[in-house]
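Q: Sharing data.cif (mmCIF, C-alpha atoms) below.
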data_model
#
loop_
_atom_site.group_PDB
_atom_site.id
_atom_site.type_symbol
_atom_site.label_atom_id
_atom_site.label_comp_id
_atom_site.auth_asym_id
_atom_site.auth_seq_id
_atom_site.Cartn_x
_atom_site.Cartn_y
_atom_site.Cartn_z
ATOM 1 C CA MET A 250 140.729 140.790 36.510
ATOM 2 C CA ALA A 251 143.892 142.887 36.820
ATOM 3 C CA ASP A 252 142.143 145.433 39.022
ATOM 4 C CA ASP A 253 140.482 142.855 41.310
ATOM 5 C CA PRO A 254 142.115 143.232 44.765
ATOM 6 C CA ALA A 255 141.354 139.616 45.691
ATOM 7 C CA VAL A 256 143.046 138.340 42.528
ATOM 8 C CA ALA A 257 146.040 140.621 43.155
ATOM 9 C CA ALA A 258 146.305 139.328 46.745
ATOM 10 C CA TRP A 259 146.071 135.726 45.559
ATOM 11 C CA ARG A 260 148.759 136.310 42.931
ATOM 12 C CA GLY A 261 151.006 137.921 45.557
ATOM 13 C CA LEU A 262 150.505 134.967 47.872
ATOM 14 C CA LEU A 263 151.384 132.489 45.129
ATOM 15 C CA ILE A 264 154.489 134.429 44.104
ATOM 16 C CA ALA A 265 155.627 134.793 47.721
ATOM 17 C CA HIS A 266 155.145 131.063 48.309
ATOM 18 C CA SER A 267 156.945 130.076 45.115
ATOM 19 C CA ARG A 268 159.969 132.205 46.038
ATOM 20 C CA LEU A 269 160.136 131.926 49.821
ATOM 21 C CA VAL A 270 159.686 128.161 50.225
ATOM 22 C CA PRO A 271 162.612 127.224 47.934
ATOM 23 C CA ALA A 272 164.792 129.900 49.569
ATOM 24 C CA ILE A 273 164.083 128.546 53.061
ATOM 25 C CA GLU A 274 164.583 124.976 51.824
ATOM 26 C CA ALA A 275 167.988 126.039 50.448
ATOM 27 C CA ASP A 276 168.917 127.620 53.789
ATOM 28 C CA LEU A 277 168.068 124.399 55.646
ATOM 29 C CA ARG A 278 169.979 122.311 53.111
ATOM 30 C CA ALA A 279 173.032 124.615 53.261
ATOM 31 C CA ALA A 280 173.078 124.246 57.050
ATOM 32 C CA GLY A 281 172.873 120.458 56.794
ATOM 33 C CA GLN A 282 169.399 120.305 58.349
ATOM 34 C CA VAL A 283 166.417 118.120 57.523
ATOM 35 C CA PRO A 284 164.497 119.043 54.352
ATOM 36 C CA LEU A 285 161.506 121.340 54.788
ATOM 37 C CA PRO A 286 158.881 118.595 54.164
ATOM 38 C CA TRP A 287 160.540 116.501 56.873
ATOM 39 C CA TYR A 288 160.563 119.482 59.216
ATOM 40 C CA ASP A 289 156.837 120.035 58.657
ATOM 41 C CA VAL A 290 155.974 116.413 59.476
ATOM 42 C CA LEU A 291 158.308 116.338 62.490
ATOM 43 C CA LEU A 292 156.748 119.571 63.777
ATOM 44 C CA GLU A 293 153.232 118.131 63.511
ATOM 45 C CA LEU A 294 154.252 114.916 65.265
ATOM 46 C CA ASN A 295 156.021 116.849 68.010
ATOM 47 C CA ALA A 296 152.875 118.918 68.662
ATOM 48 C CA ALA A 297 150.578 115.880 68.827
ATOM 49 C CA PRO A 298 149.491 114.151 72.031
ATOM 50 C CA GLY A 299 151.934 111.340 72.703
ATOM 51 C CA ARG A 300 154.072 112.660 69.822
ATOM 52 C CA ARG A 301 152.100 110.533 67.349
ATOM 53 C CA LEU A 302 149.247 110.925 64.894
ATOM 54 C CA ARG A 303 147.144 108.639 62.760
ATOM 55 C CA MET A 304 148.442 108.826 59.218
ATOM 56 C CA SER A 305 145.088 110.237 58.080
ATOM 57 C CA GLU A 306 145.264 113.026 60.680
ATOM 58 C CA LEU A 307 148.873 113.790 59.806
ATOM 59 C CA GLY A 308 147.776 114.059 56.180
ATOM 60 C CA GLN A 309 145.233 116.703 57.185
ATOM 61 C CA ARG A 310 147.650 118.722 59.327
ATOM 62 C CA ALA A 311 150.815 118.765 57.251
ATOM 63 C CA VAL A 312 151.362 121.242 54.429
ATOM 64 C CA LEU A 313 151.835 118.382 51.978
ATOM 65 C CA SER A 314 149.578 116.150 49.939
ATOM 66 C CA ARG A 315 148.486 113.001 51.735
ATOM 67 C CA THR A 316 150.503 110.893 49.304
ATOM 68 C CA ARG A 317 153.592 113.001 49.970
ATOM 69 C CA VAL A 318 153.053 112.731 53.743
ATOM 70 C CA SER A 319 153.140 108.943 53.475
ATOM 71 C CA ARG A 320 156.397 109.067 51.511
ATOM 72 C CA VAL A 321 157.934 111.561 53.950
ATOM 73 C CA VAL A 322 157.018 109.331 56.900
ATOM 74 C CA ASP A 323 158.698 106.420 55.105
ATOM 75 C CA GLU A 324 161.802 108.584 54.553
ATOM 76 C CA LEU A 325 161.780 109.717 58.195
ATOM 77 C CA ALA A 326 161.415 106.120 59.360
ATOM 78 C CA ALA A 327 164.357 105.037 57.190
ATOM 79 C CA ALA A 328 166.404 107.841 58.783
ATOM 80 C CA GLY A 329 165.295 106.833 62.305
ATOM 81 C CA LEU A 330 163.470 110.131 62.920
ATOM 82 C CA ALA A 331 159.947 108.690 63.006
ATOM 83 C CA GLU A 332 158.319 105.299 63.005
ATOM 84 C CA ARG A 333 155.111 103.764 61.787
ATOM 85 C CA GLN A 334 153.099 102.022 64.468
ATOM 86 C CA PRO A 335 150.149 99.733 63.806
ATOM 87 C CA ASP A 336 146.777 100.753 65.197
ATOM 88 C CA GLU A 337 145.810 97.851 67.440
ATOM 89 C CA ALA A 338 142.149 98.940 67.408
ATOM 90 C CA ASP A 339 141.950 99.288 63.612
ATOM 91 C CA GLY A 340 144.179 97.077 61.511
ATOM 92 C CA ARG A 341 143.551 99.234 58.447
ATOM 93 C CA SER A 342 145.094 102.268 60.107
ATOM 94 C CA SER A 343 148.532 103.168 61.425
ATOM 95 C CA PHE A 344 150.240 105.915 63.350
ATOM 96 C CA ALA A 345 153.335 107.949 62.656
ATOM 97 C CA ALA A 346 155.339 108.575 65.818
ATOM 98 C CA LEU A 347 158.255 110.861 66.563
ATOM 99 C CA THR A 348 161.428 109.155 67.767
ATOM 100 C CA PRO A 349 163.913 110.751 70.161
ATOM 101 C CA GLN A 350 166.231 111.249 67.164
ATOM 102 C CA GLY A 351 163.399 113.016 65.334
ATOM 103 C CA LYS A 352 162.834 115.339 68.272
ATOM 104 C CA SER A 353 166.556 116.091 68.331
ATOM 105 C CA ALA A 354 166.597 116.807 64.578
ATOM 106 C CA LEU A 355 163.626 119.142 64.985
ATOM 107 C CA ARG A 356 165.334 121.035 67.801
ATOM 108 C CA CYS A 357 168.553 121.281 65.817
ATOM 109 C CA ALA A 358 166.771 122.582 62.693
ATOM 110 C CA TRP A 359 164.580 125.098 64.516
ATOM 111 C CA PRO A 360 167.164 127.915 64.936
ATOM 112 C CA VAL A 361 168.167 127.636 61.268
ATOM 113 C CA TYR A 362 164.527 127.596 60.173
ATOM 114 C CA ARG A 363 163.651 130.573 62.401
ATOM 115 C CA GLU A 364 166.620 132.598 61.116
ATOM 116 C CA ALA A 365 165.783 131.734 57.488
ATOM 117 C CA ILE A 366 162.223 132.967 58.004
ATOM 118 C CA ARG A 367 163.415 136.154 59.671
ATOM 119 C CA ARG A 368 165.940 136.806 56.927
ATOM 120 C CA ARG A 369 163.413 136.157 54.144
ATOM 121 C CA LEU A 370 160.770 138.355 55.771
ATOM 122 C CA GLY A 371 163.297 140.993 56.807
ATOM 123 C CA ALA A 372 161.600 143.712 54.765
ATOM 124 C CA LEU A 373 158.650 143.541 57.175
ATOM 125 C CA ASP A 374 158.767 144.870 60.728
ATOM 126 C CA ALA A 375 157.238 142.979 63.668
ATOM 127 C CA ALA A 376 153.883 144.776 63.419
ATOM 128 C CA GLN A 377 153.656 144.014 59.699
ATOM 129 C CA CYS A 378 154.472 140.354 60.327
ATOM 130 C CA ARG A 379 151.712 140.162 62.956
ATOM 131 C CA GLU A 380 149.292 141.873 60.557
ATOM 132 C CA LEU A 381 150.243 139.528 57.716
ATOM 133 C CA ALA A 382 149.781 136.490 59.967
ATOM 134 C CA ALA A 383 146.357 137.750 61.096
ATOM 135 C CA LEU A 384 145.268 138.488 57.528
ATOM 136 C CA LEU A 385 146.350 135.074 56.283
ATOM 137 C CA GLU A 386 144.621 133.366 59.204
ATOM 138 C CA GLN A 387 141.464 135.323 58.440
ATOM 139 C CA ALA A 388 141.686 134.434 54.743
ATOM 140 C CA THR A 389 142.180 130.727 55.412
ATOM 141 C CA ALA A 390 139.451 130.476 58.055
ATOM 142 C CA GLY A 391 136.786 130.507 55.357
ATOM 143 C CA ALA A 392 138.670 128.030 53.191
ATOM 144 C CA GLU A 393 138.853 125.469 55.986
ATOM 145 C CA SER A 394 135.075 125.295 56.177
ATOM 146 C CA GLY A 395 134.590 124.961 52.428
ATOM 147 C CA PRO A 396 133.499 121.711 50.750
ATOM 148 C CA GLY A 397 136.215 119.084 50.509
ATOM 149 C CA VAL A 398 138.867 121.238 52.170
ATOM 150 C CA THR A 399 140.967 120.154 55.109
ATOM 151 C CA GLY A 400 142.838 122.560 57.318
ATOM 152 C CA ARG A 401 145.538 122.722 59.932
ATOM 153 C CA SER A 402 143.252 123.317 62.884
ATOM 154 C CA GLY A 403 144.981 122.934 66.197
ATOM 155 C CA THR A 404 148.465 123.248 64.778
ATOM 156 C CA PRO A 405 150.757 125.354 66.984
ATOM 157 C CA ALA A 406 152.868 128.123 65.589
ATOM 158 C CA VAL A 407 156.371 127.165 64.564
ATOM 159 C CA GLY A 408 158.613 126.842 67.588
ATOM 160 C CA GLU A 409 155.784 126.714 70.142
ATOM 161 C CA SER A 410 155.921 122.942 70.509
ATOM 162 C CA SER A 411 158.493 121.359 72.762
#
Using structure tokens, write down the structure from this file.

A:
Amino acid sequence: MADDPAVAAWRGLLIAHSRLVPAIEADLRAAGQVPLPWYDVLLELNAAPGRRLRMSELGQRAVLSRTRVSRVVDELAAAGLAERQPDEADGRSSFAALTPQGKSALRCAWPVYREAIRRRLGALDAAQCRELAALLEQATAGAESGPGVTGRSGTPAVGESS
């Protein structure tokens, strides 16, 4: 196993995630910005048509468990950054919608988030970052078509939504 390149890549990905995510979360917190899970949900809502998504679709797009997405939407609603809206066509379903305050919070957090990413990936040059992004996209493309796996198809890159 130790000499398996795929296992080594997977281990590297897990280690990078376990170290980089908390570091970026700490940077956002230190700057008084929204927590990273909130940022992720706000970003997805901002990128959606009409700045709203069905809760089930948001659960597929966000980098959180579906249960966690529901809790984050409740937290965002309590903070006035998002709201739950009933689905008039399907009473069993609801939408999460971005509020103007949520859009403002997203815009305010973006420069801090971008700088935290750049600082944490500072050992890589621009070409290496592009290569890493392409490799990770290639690696996840197969996973998104696997049984029982949901992906982030259609999600814009960070900062591309307005």

Q: What would the list of residues within 12 Å of (154.8, 112.2, 53.9) (file frame) look like as a PyMOL selection string, if all atoms listed in the file are what count?

A: chain A and resi 284-291+293-294+304-326+331-333+345

Q: Interatomic distance between atom CA of A:Glu380 and atom CA of A:Trp359?

A: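 We find that atom CA of A:Glu380 and atom CA of A:Trp359 lie 23.0 Å from each other.
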
Q: Between A:Ala297, A:Ala365, A:Ala280, A:Leu330, which has the minimum distance to A:Ser353 (counting all atoms listed in the file)?

A: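 Residue with the minimum atom-to-atom distance to A:Ser353: A:Leu330.
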
Q: So the first atom is atom CA of A:Lys352 and the second is atom CA of A:Gln282; what is the distance between them in Å, to one decimal place?

A: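 Separation of atom CA of A:Lys352 and atom CA of A:Gln282: 12.9 Å.
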
Q: Which of these residues is nearest to A:Glu364, using all atoms listed in the file: A:Gly351, A:Arg300, A:Asp276, A:Ala257?

A: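 Closest residue, counting all atoms listed in the file: A:Asp276.
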
Q: Closest to A:Arg363 among A:Leu277, A:Gly261, A:Cys378, A:Ala327, using only C-alpha atoms?

A: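 The answer is A:Leu277, which sits nearest to A:Arg363.
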